[in-house]
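Enquirer: Okay, so here is entry15.cif, and as you'll see once you scroll down, it has mmCIF, C-alpha atoms.
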```cif
data_start
#
loop_
_atom_site.group_PDB
_atom_site.id
_atom_site.type_symbol
_atom_site.label_atom_id
_atom_site.label_comp_id
_atom_site.auth_asym_id
_atom_site.auth_seq_id
_atom_site.Cartn_x
_atom_site.Cartn_y
_atom_site.Cartn_z
ATOM 1 C CA MET N 23 -7.455 -31.407 3.171
ATOM 2 C CA ILE N 24 -6.279 -31.910 6.722
ATOM 3 C CA GLY N 25 -2.780 -30.725 5.829
ATOM 4 C CA PHE N 26 -3.844 -27.662 3.824
ATOM 5 C CA PRO N 27 -3.963 -25.202 6.776
ATOM 6 C CA ALA N 28 -0.345 -26.021 7.610
ATOM 7 C CA VAL N 29 0.706 -25.474 3.985
ATOM 8 C CA GLN N 30 -1.205 -22.176 3.872
ATOM 9 C CA ALA N 31 0.331 -20.986 7.154
ATOM 10 C CA ALA N 32 3.944 -22.108 6.525
ATOM 11 C CA PRO N 33 5.063 -18.817 4.876
ATOM 12 C CA SER N 34 4.201 -17.078 8.166
ATOM 13 C CA PHE N 35 7.629 -18.025 9.486
ATOM 14 C CA SER N 36 11.068 -17.015 8.284
ATOM 15 C CA SER N 37 12.235 -20.618 8.773
ATOM 16 C CA ALA N 38 10.157 -21.522 5.695
ATOM 17 C CA PHE N 39 12.684 -19.564 3.598
ATOM 18 C CA PRO N 40 16.151 -20.703 4.741
ATOM 19 C CA HIS N 41 17.719 -19.770 1.396
ATOM 20 C CA ILE N 42 16.538 -16.179 1.823
ATOM 21 C CA PHE N 43 17.002 -15.587 5.545
ATOM 22 C CA ASN N 44 20.239 -17.533 6.206
ATOM 23 C CA LYS N 45 18.359 -20.248 8.127
ATOM 24 C CA ARG N 46 17.205 -17.753 10.745
ATOM 25 C CA ASP N 47 13.887 -18.473 12.417
ATOM 26 C CA ASP N 48 13.776 -15.381 14.635
ATOM 27 C CA LEU N 49 12.599 -12.841 12.039
ATOM 28 C CA PRO N 50 9.035 -11.532 12.344
ATOM 29 C CA CYS N 51 6.652 -11.805 9.399
ATOM 30 C CA LEU N 52 4.016 -9.312 8.266
ATOM 31 C CA ILE N 53 1.308 -10.938 6.136
ATOM 32 C CA PRO N 54 -0.989 -8.954 3.862
ATOM 33 C CA CYS N 55 -4.075 -11.096 3.303
ATOM 34 C CA ALA N 56 -7.749 -11.016 2.472
ATOM 35 C CA ILE N 57 -10.292 -11.863 5.140
ATOM 36 C CA ASP N 58 -10.898 -15.328 3.657
ATOM 37 C CA GLN N 59 -7.308 -16.303 4.535
ATOM 38 C CA ASP N 60 -7.591 -15.039 8.099
ATOM 39 C CA PRO N 61 -8.338 -18.431 9.756
ATOM 40 C CA TYR N 62 -5.076 -19.938 8.479
ATOM 41 C CA PHE N 63 -2.961 -17.127 9.823
ATOM 42 C CA LYS N 64 -4.838 -17.031 13.131
ATOM 43 C CA LEU N 65 -3.992 -20.698 13.404
ATOM 44 C CA ALA N 66 -0.355 -19.833 12.676
ATOM 45 C CA ARG N 67 -0.454 -17.232 15.471
ATOM 46 C CA ASP N 68 -1.929 -19.835 17.845
ATOM 47 C CA VAL N 69 0.720 -22.489 17.172
ATOM 48 C CA ALA N 70 3.761 -20.186 16.834
ATOM 49 C CA PRO N 71 4.576 -20.086 20.576
ATOM 50 C CA LYS N 72 4.294 -23.886 20.763
ATOM 51 C CA LEU N 73 6.807 -24.125 17.904
ATOM 52 C CA LYS N 74 9.019 -21.516 19.591
ATOM 53 C CA LEU N 75 8.537 -19.181 16.615
ATOM 54 C CA ILE N 76 7.521 -15.527 16.438
ATOM 55 C CA MET N 77 3.824 -14.938 15.876
ATOM 56 C CA PRO N 78 3.134 -13.396 12.457
ATOM 57 C CA ALA N 79 1.310 -10.064 12.175
ATOM 58 C CA LEU N 80 -1.553 -9.554 9.710
ATOM 59 C CA ILE N 81 -2.794 -6.703 7.561
ATOM 60 C CA HIS N 82 -6.237 -7.344 6.119
ATOM 61 C CA SER N 83 -6.668 -6.045 2.610
ATOM 62 C CA VAL N 84 -9.919 -4.892 1.058
ATOM 63 C CA VAL N 85 -11.743 -7.541 -0.952
ATOM 64 C CA PHE N 86 -11.875 -6.435 -4.572
ATOM 65 C CA PRO N 87 -15.532 -6.624 -5.674
ATOM 66 C CA THR N 88 -16.791 -8.628 -8.621
ATOM 67 C CA LEU N 89 -18.199 -6.604 -11.481
ATOM 68 C CA GLN N 90 -21.647 -7.759 -10.372
ATOM 69 C CA GLY N 91 -21.075 -6.237 -6.926
ATOM 70 C CA GLY N 92 -21.074 -7.681 -3.449
ATOM 71 C CA GLN N 93 -18.260 -8.638 -1.130
ATOM 72 C CA SER N 94 -17.660 -12.199 -2.286
ATOM 73 C CA LYS N 95 -14.407 -13.359 -3.850
ATOM 74 C CA ILE N 96 -14.061 -13.030 -7.592
ATOM 75 C CA PRO N 97 -14.796 -16.458 -9.123
ATOM 76 C CA ALA N 98 -12.227 -17.430 -11.748
ATOM 77 C CA SER N 99 -14.885 -19.561 -13.418
ATOM 78 C CA ASP N 100 -16.900 -16.499 -14.510
ATOM 79 C CA PRO N 101 -14.801 -14.330 -16.864
ATOM 80 C CA ASN N 102 -17.506 -11.635 -16.828
ATOM 81 C CA SER N 103 -17.002 -11.022 -13.117
ATOM 82 C CA TYR N 104 -13.569 -9.386 -13.470
ATOM 83 C CA ILE N 105 -11.245 -7.511 -15.821
ATOM 84 C CA HIS N 106 -8.374 -9.753 -16.890
ATOM 85 C CA LEU N 107 -4.954 -8.352 -17.796
ATOM 86 C CA SER N 108 -5.269 -9.967 -21.232
ATOM 87 C CA ASP N 109 -8.650 -8.320 -21.990
ATOM 88 C CA GLU N 110 -8.568 -6.098 -25.060
ATOM 89 C CA ALA N 111 -9.940 -2.541 -24.858
ATOM 90 C CA GLU N 112 -13.266 -3.529 -26.478
ATOM 91 C CA ILE N 113 -13.742 -6.406 -24.017
ATOM 92 C CA ILE N 114 -13.068 -4.101 -21.065
ATOM 93 C CA MET N 115 -15.698 -1.672 -22.353
ATOM 94 C CA GLU N 116 -18.202 -4.476 -22.931
ATOM 95 C CA LYS N 117 -17.675 -6.051 -19.509
ATOM 96 C CA ILE N 118 -18.069 -2.754 -17.664
ATOM 97 C CA ASN N 119 -21.068 -1.607 -19.672
ATOM 98 C CA LYS N 120 -22.885 -4.953 -19.437
ATOM 99 C CA HIS N 121 -21.789 -6.409 -16.109
ATOM 100 C CA ALA N 122 -20.622 -3.650 -13.727
ATOM 101 C CA PHE N 123 -23.288 -3.204 -11.054
ATOM 102 C CA SER N 124 -24.716 0.293 -11.023
ATOM 103 C CA ALA N 125 -26.086 1.962 -7.910
ATOM 104 C CA GLY N 126 -27.773 4.656 -9.954
ATOM 105 C CA ARG N 127 -31.516 5.158 -9.899
ATOM 106 C CA GLU N 128 -34.213 3.441 -11.982
ATOM 107 C CA THR N 129 -34.691 6.378 -14.345
ATOM 108 C CA GLN N 130 -32.498 9.213 -15.506
ATOM 109 C CA GLU N 131 -34.888 11.753 -13.955
ATOM 110 C CA GLU N 132 -34.852 9.998 -10.588
ATOM 111 C CA HIS N 133 -31.051 9.719 -10.704
ATOM 112 C CA LYS N 134 -30.706 13.442 -11.433
ATOM 113 C CA ALA N 135 -32.998 14.194 -8.494
ATOM 114 C CA LYS N 136 -31.622 11.756 -5.902
ATOM 115 C CA GLY N 137 -28.149 10.747 -7.146
ATOM 116 C CA GLY N 138 -26.402 7.383 -6.985
ATOM 117 C CA ASN N 139 -24.839 5.386 -4.171
ATOM 118 C CA CYS N 140 -21.032 5.262 -4.348
ATOM 119 C CA ASP N 141 -20.872 2.725 -1.512
ATOM 120 C CA THR N 142 -22.315 -0.007 -3.743
ATOM 121 C CA ASP N 143 -21.594 1.214 -7.276
ATOM 122 C CA VAL N 144 -18.898 -1.052 -8.735
ATOM 123 C CA SER N 145 -17.580 1.508 -11.227
ATOM 124 C CA TYR N 146 -16.948 3.981 -8.424
ATOM 125 C CA GLN N 147 -15.441 1.295 -6.183
ATOM 126 C CA TYR N 148 -13.026 0.311 -8.973
ATOM 127 C CA LEU N 149 -12.064 3.951 -9.444
ATOM 128 C CA THR N 150 -11.097 4.116 -5.751
ATOM 129 C CA PHE N 151 -8.465 1.475 -6.577
ATOM 130 C CA PHE N 152 -7.306 2.699 -9.979
ATOM 131 C CA LEU N 153 -7.822 6.467 -10.278
ATOM 132 C CA GLU N 154 -4.717 8.095 -8.844
ATOM 133 C CA ASP N 155 -6.117 11.640 -8.732
ATOM 134 C CA ASP N 156 -7.856 11.892 -5.338
ATOM 135 C CA GLU N 157 -9.315 15.314 -6.100
ATOM 136 C CA LYS N 158 -10.890 14.025 -9.307
ATOM 137 C CA LEU N 159 -12.226 10.980 -7.443
ATOM 138 C CA GLU N 160 -13.858 13.275 -4.871
ATOM 139 C CA GLN N 161 -15.379 15.389 -7.675
ATOM 140 C CA ILE N 162 -16.767 12.239 -9.303
ATOM 141 C CA LYS N 163 -18.242 11.104 -5.985
ATOM 142 C CA GLU N 164 -19.865 14.489 -5.397
ATOM 143 C CA ALA N 165 -21.279 14.626 -8.927
ATOM 144 C CA TYR N 166 -22.567 11.049 -8.842
ATOM 145 C CA THR N 167 -24.190 11.240 -5.412
ATOM 146 C CA THR N 168 -25.924 14.521 -6.289
ATOM 147 C CA GLY N 169 -27.157 13.271 -9.672
ATOM 148 C CA LYS N 170 -24.998 15.540 -11.837
ATOM 149 C CA LEU N 171 -23.041 12.536 -13.157
ATOM 150 C CA LEU N 172 -24.981 9.673 -14.728
ATOM 151 C CA THR N 173 -24.100 5.994 -14.458
ATOM 152 C CA SER N 174 -23.116 5.881 -18.128
ATOM 153 C CA ASP N 175 -20.637 8.734 -17.562
ATOM 154 C CA LEU N 176 -19.213 7.028 -14.475
ATOM 155 C CA LYS N 177 -18.720 3.809 -16.446
ATOM 156 C CA LYS N 178 -17.035 5.752 -19.268
ATOM 157 C CA GLU N 179 -14.572 7.199 -16.760
ATOM 158 C CA LEU N 180 -13.751 3.739 -15.427
ATOM 159 C CA ILE N 181 -13.412 2.318 -18.943
ATOM 160 C CA THR N 182 -10.926 5.042 -19.869
ATOM 161 C CA VAL N 183 -8.860 4.476 -16.725
ATOM 162 C CA LEU N 184 -8.804 0.671 -16.998
ATOM 163 C CA GLN N 185 -8.115 0.598 -20.739
ATOM 164 C CA LYS N 186 -5.023 2.732 -20.194
ATOM 165 C CA ILE N 187 -3.744 0.705 -17.231
ATOM 166 C CA VAL N 188 -4.356 -2.682 -18.848
ATOM 167 C CA GLY N 189 -3.013 -1.478 -22.215
ATOM 168 C CA ASP N 190 0.187 -0.220 -20.578
ATOM 169 C CA ILE N 191 0.655 -3.542 -18.785
ATOM 170 C CA GLN N 192 0.084 -5.477 -22.007
ATOM 171 C CA ASN N 193 2.649 -3.344 -23.847
ATOM 172 C CA ARG N 194 5.253 -3.788 -21.106
ATOM 173 C CA ARG N 195 4.524 -7.502 -20.933
ATOM 174 C CA LYS N 196 5.402 -7.876 -24.626
ATOM 175 C CA THR N 197 8.933 -6.683 -23.890
ATOM 176 C CA VAL N 198 9.614 -9.350 -21.244
ATOM 177 C CA THR N 199 11.913 -12.100 -22.499
ATOM 178 C CA ASP N 200 12.011 -15.764 -21.474
ATOM 179 C CA GLU N 201 15.433 -15.102 -19.983
ATOM 180 C CA GLN N 202 14.046 -12.319 -17.771
ATOM 181 C CA THR N 203 11.172 -14.551 -16.674
ATOM 182 C CA HIS N 204 13.566 -17.369 -15.817
ATOM 183 C CA GLN N 205 15.829 -15.018 -13.873
ATOM 184 C CA PHE N 206 12.877 -13.581 -11.944
ATOM 185 C CA MET N 207 11.399 -16.994 -11.110
ATOM 186 C CA THR N 208 14.671 -18.603 -10.004
ATOM 187 C CA PRO N 209 14.897 -18.878 -6.190
ATOM 188 C CA ARG N 210 17.914 -16.901 -5.020
ATOM 189 C CA LYS N 211 19.306 -15.210 -1.978
ATOM 190 C CA LEU N 212 18.306 -11.594 -1.660
ATOM 191 C CA LYS N 213 20.986 -8.915 -1.490
ATOM 192 C CA TYR N 214 20.172 -8.244 2.160
ATOM 193 C CA ASP N 215 22.269 -9.773 4.882
ATOM 194 C CA TYR N 216 19.997 -11.138 7.624
#
```
Is it possible to give me this structure as structure tokens?
Expert:
Amino acid sequence: MIGFPAVQAAPSFSSAFPHIFNKRDDLPCLIPCAIDQDPYFKLARDVAPKLKLIMPALIHSVVFPTLQGGQSKIPASDPNSYIHLSDEAEIIMEKINKHAFSAGRETQEEHKAKGGNCDTDVSYQYLTFFLEDDEKLEQIKEAYTTGKLLTSDLKKELITVLQKIVGDIQNRRKTVTDEQTHQFMTPRKLKYDY
């Protein structure tokens, strides 16, 4: 456990990849990470000058919410807290309908009068990641927050979007050969000359 921070921080430096960067240790590194990884990379920034290496830069990404809501990491131990790329269309529908946290109101009448809260509604939050049409997303937000769109309709929209995305990935995945996987996973020098 004592050595884990060093292992986590090692990719912060180009010297960790001599086969890619021609043994150069003077190339800066930009690290996209979630907030839970931040301490390791702050540590890397602290020790970099002592190691005569360039401090890495960080970009914090948004934490993807669990289906149950909240800002905690998605636990791999609970398969109902996320949509897996191997989930069939029916499973996606079931998970969203049963487990996706809704920020709609207690009753349909109250929801129509007061609207829902897009800041905490998981179906809407997922759509901000997966729906590529920004105008449609804004229309959904307006309709949901004013009560014109019900939670069930919002979940249907998300189900449609995710079933298509996951289905497309599954179909493309079927075409990948063992040879392609081996070629992709084999460490090799990139075509760039550093």
Enquirer: When you look at stretch 25-40 of chain N with a cut-off of 6 Å (counting all atoms listed in the file), what residues show up, excluding the ones that are within fewer than 6 positions of it in the same chain? I need them as an NGL selection string.
Expert: :N and (47 or 49 or 51 or 62-63 or 66 or 78)
Enquirer: Between N:Thr197, N:Ile181, N:Gly138, N:Gly189, which residue has the minimum interatomic distance to N:Gly169, considering all atoms listed in the file?
Expert: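 Selected residue with least distance to N:Gly169: N:Gly138.
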Enquirer: With only C-alpha atoms as the counted atoms, please give the residues lying no more than 12 Å from N:Thr129, apart from itself and same-chain residues fewer than 4 positions off, as a ChimeraX atom specification.
Expert: /N:125,133-138,169,172-173
Enquirer: Can you work out the spacing between atom CA of N:Val188 and atom CA of N:Ser108 in Å, to one decimal?
Expert: 7.7 Å
Enquirer: The PyMOL selection byres ((chain N and resi 199-215) around 6) on the file shown: which residues, as a PDB file with C-alpha atoms, in the coordinates of the input?
Expert:
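This is the output file expr_11.pdb:
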```pdb
ATOM      1  CA  HIS N  41      17.719 -19.770   1.396  1.00  0.00           C
ATOM      2  CA  ILE N  42      16.538 -16.179   1.823  1.00  0.00           C
ATOM      3  CA  VAL N 198       9.614  -9.350 -21.244  1.00  0.00           C
ATOM      4  CA  TYR N 216      19.997 -11.138   7.624  1.00  0.00           C
TER       5      TYR N 216
END
```
Enquirer: Residues picked by the PyMOL selection byres ((chain N and resi 167) around 7) here, as a VMD selection string?
Expert: chain N and resid 137 to 140 163 to 166 168 to 169
Enquirer: Give me the residues near N:Leu184 as a list in words, where near means some atom within 9 Å (using only C-alpha atoms) and where sequence neighbours in that chain fewer than 6 positions away do not count.
Expert: Ile105, Ala111, Ile114, Leu149, Phe152 and Leu153 of chain N
Enquirer: How many Å lie between atom CA of N:Leu171 and atom CA of N:Asp141, rounded to one decimal?
Expert: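 Pair atom CA of N:Leu171 / atom CA of N:Asp141 returns 15.4 Å.
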Enquirer: Please, what distance in Å, to one decimal, runs between atom CA of N:Ser103 and atom CA of N:Glu128?
Expert: 22.5 Å
Enquirer: Using only C-alpha atoms and a cutoff of 9 Å, can you tell me which residues are near (-9.8, -13.0, 1.6) in the file's coordinates, and write them out as a count of residues only?
Expert: 12
Enquirer: Do you know which residues the PyMOL selection byres ((chain N and resi 91) around 9) returns on this file, as a list in words?
Expert: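 With the PyMOL selection byres ((chain N and resi 91) around 9) on this model, the match is Pro87, Thr88, Leu89, Gln90, Gly92, Gln93, Ser94, Ser103, Ala122, Phe123, Ser124, Thr142, Asp143 and Val144 of chain N.
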Enquirer: Once you have the residues from the selection above, write them out as a PDB file, keeping the file's coordinate frame, restricted to C-alpha atoms.
Expert:
```pdb
ATOM      1  CA  PRO N  87     -15.532  -6.624  -5.674  1.00  0.00           C
ATOM      2  CA  THR N  88     -16.791  -8.628  -8.621  1.00  0.00           C
ATOM      3  CA  LEU N  89     -18.199  -6.604 -11.481  1.00  0.00           C
ATOM      4  CA  GLN N  90     -21.647  -7.759 -10.372  1.00  0.00           C
ATOM      5  CA  GLY N  92     -21.074  -7.681  -3.449  1.00  0.00           C
ATOM      6  CA  GLN N  93     -18.260  -8.638  -1.130  1.00  0.00           C
ATOM      7  CA  SER N  94     -17.660 -12.199  -2.286  1.00  0.00           C
ATOM      8  CA  SER N 103     -17.002 -11.022 -13.117  1.00  0.00           C
ATOM      9  CA  ALA N 122     -20.622  -3.650 -13.727  1.00  0.00           C
ATOM     10  CA  PHE N 123     -23.288  -3.204 -11.054  1.00  0.00           C
ATOM     11  CA  SER N 124     -24.716   0.293 -11.023  1.00  0.00           C
ATOM     12  CA  THR N 142     -22.315  -0.007  -3.743  1.00  0.00           C
ATOM     13  CA  ASP N 143     -21.594   1.214  -7.276  1.00  0.00           C
ATOM     14  CA  VAL N 144     -18.898  -1.052  -8.735  1.00  0.00           C
TER      15      VAL N 144
END
```
Enquirer: Reconstruct stretch 190-216 of chain N at the level of N, CA and C atoms, and format the result as an mmCIF file, in the coordinates of the input.
Expert:
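rebuild25.cif, freshly written:
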```cif
data_model
loop_
_atom_site.group_PDB
_atom_site.id
_atom_site.type_symbol
_atom_site.label_atom_id
_atom_site.label_comp_id
_atom_site.auth_asym_id
_atom_site.auth_seq_id
_atom_site.Cartn_x
_atom_site.Cartn_y
_atom_site.Cartn_z
ATOM 1 N N ASP N 190 -1.216 -0.446 -20.948
ATOM 2 C CA ASP N 190 0.187 -0.220 -20.578
ATOM 3 C C ASP N 190 0.845 -1.506 -20.086
ATOM 4 N N ILE N 191 0.120 -2.271 -19.286
ATOM 5 C CA ILE N 191 0.655 -3.542 -18.785
ATOM 6 C C ILE N 191 0.884 -4.507 -19.941
ATOM 7 N N GLN N 192 -0.063 -4.580 -20.860
ATOM 8 C CA GLN N 192 0.084 -5.477 -22.007
ATOM 9 C C GLN N 192 1.291 -5.092 -22.859
ATOM 10 N N ASN N 193 1.494 -3.799 -23.062
ATOM 11 C CA ASN N 193 2.649 -3.344 -23.847
ATOM 12 C C ASN N 193 3.971 -3.669 -23.151
ATOM 13 N N ARG N 194 4.029 -3.460 -21.849
ATOM 14 C CA ARG N 194 5.253 -3.788 -21.106
ATOM 15 C C ARG N 194 5.494 -5.287 -21.077
ATOM 16 N N ARG N 195 4.412 -6.047 -20.981
ATOM 17 C CA ARG N 195 4.524 -7.502 -20.933
ATOM 18 C C ARG N 195 5.142 -8.066 -22.218
ATOM 19 N N LYS N 196 4.861 -7.427 -23.333
ATOM 20 C CA LYS N 196 5.402 -7.876 -24.626
ATOM 21 C C LYS N 196 6.922 -7.756 -24.679
ATOM 22 N N THR N 197 7.483 -6.888 -23.860
ATOM 23 C CA THR N 197 8.933 -6.683 -23.890
ATOM 24 C C THR N 197 9.694 -7.650 -22.987
ATOM 25 N N VAL N 198 8.972 -8.421 -22.168
ATOM 26 C CA VAL N 198 9.614 -9.350 -21.244
ATOM 27 C C VAL N 198 10.081 -10.586 -22.009
ATOM 28 N N THR N 199 11.336 -10.940 -21.806
ATOM 29 C CA THR N 199 11.913 -12.100 -22.499
ATOM 30 C C THR N 199 11.814 -13.347 -21.613
ATOM 31 N N ASP N 200 11.989 -14.509 -22.231
ATOM 32 C CA ASP N 200 12.011 -15.764 -21.474
ATOM 33 C C ASP N 200 13.159 -15.765 -20.471
ATOM 34 N N GLU N 201 14.268 -15.177 -20.869
ATOM 35 C CA GLU N 201 15.433 -15.102 -19.983
ATOM 36 C C GLU N 201 15.108 -14.273 -18.736
ATOM 37 N N GLN N 202 14.426 -13.147 -18.911
ATOM 38 C CA GLN N 202 14.046 -12.319 -17.771
ATOM 39 C C GLN N 202 13.071 -13.070 -16.856
ATOM 40 N N THR N 203 12.134 -13.780 -17.463
ATOM 41 C CA THR N 203 11.172 -14.551 -16.674
ATOM 42 C C THR N 203 11.889 -15.618 -15.869
ATOM 43 N N HIS N 204 12.806 -16.330 -16.504
ATOM 44 C CA HIS N 204 13.566 -17.369 -15.817
ATOM 45 C C HIS N 204 14.377 -16.775 -14.661
ATOM 46 N N GLN N 205 15.034 -15.661 -14.914
ATOM 47 C CA GLN N 205 15.829 -15.018 -13.873
ATOM 48 C C GLN N 205 14.946 -14.596 -12.701
ATOM 49 N N PHE N 206 13.790 -14.041 -12.996
ATOM 50 C CA PHE N 206 12.877 -13.581 -11.944
ATOM 51 C C PHE N 206 12.337 -14.749 -11.120
ATOM 52 N N MET N 207 12.032 -15.856 -11.776
ATOM 53 C CA MET N 207 11.399 -16.994 -11.110
ATOM 54 C C MET N 207 12.393 -17.920 -10.400
ATOM 55 N N THR N 208 13.673 -17.746 -10.637
ATOM 56 C CA THR N 208 14.671 -18.603 -10.004
ATOM 57 C C THR N 208 14.850 -18.216 -8.537
ATOM 58 N N PRO N 209 14.665 -19.188 -7.611
ATOM 59 C CA PRO N 209 14.897 -18.878 -6.190
ATOM 60 C C PRO N 209 16.358 -18.460 -5.988
ATOM 61 N N ARG N 210 16.555 -17.409 -5.237
ATOM 62 C CA ARG N 210 17.914 -16.901 -5.020
ATOM 63 C C ARG N 210 17.948 -16.126 -3.717
ATOM 64 N N LYS N 211 19.130 -16.001 -3.205
ATOM 65 C CA LYS N 211 19.306 -15.210 -1.978
ATOM 66 C C LYS N 211 19.153 -13.734 -2.325
ATOM 67 N N LEU N 212 18.453 -13.026 -1.464
ATOM 68 C CA LEU N 212 18.306 -11.594 -1.660
ATOM 69 C C LEU N 212 19.613 -10.886 -1.319
ATOM 70 N N LYS N 213 19.745 -9.650 -1.712
ATOM 71 C CA LYS N 213 20.986 -8.915 -1.490
ATOM 72 C C LYS N 213 21.112 -8.384 -0.064
ATOM 73 N N TYR N 214 20.125 -8.702 0.771
ATOM 74 C CA TYR N 214 20.172 -8.244 2.160
ATOM 75 C C TYR N 214 20.863 -9.292 3.016
ATOM 76 N N ASP N 215 21.575 -8.848 4.001
ATOM 77 C CA ASP N 215 22.269 -9.773 4.882
ATOM 78 C C ASP N 215 21.501 -9.856 6.205
ATOM 79 N N TYR N 216 20.813 -10.972 6.412
ATOM 80 C CA TYR N 216 19.997 -11.138 7.624
ATOM 81 C C TYR N 216 20.793 -11.815 8.700
#
```
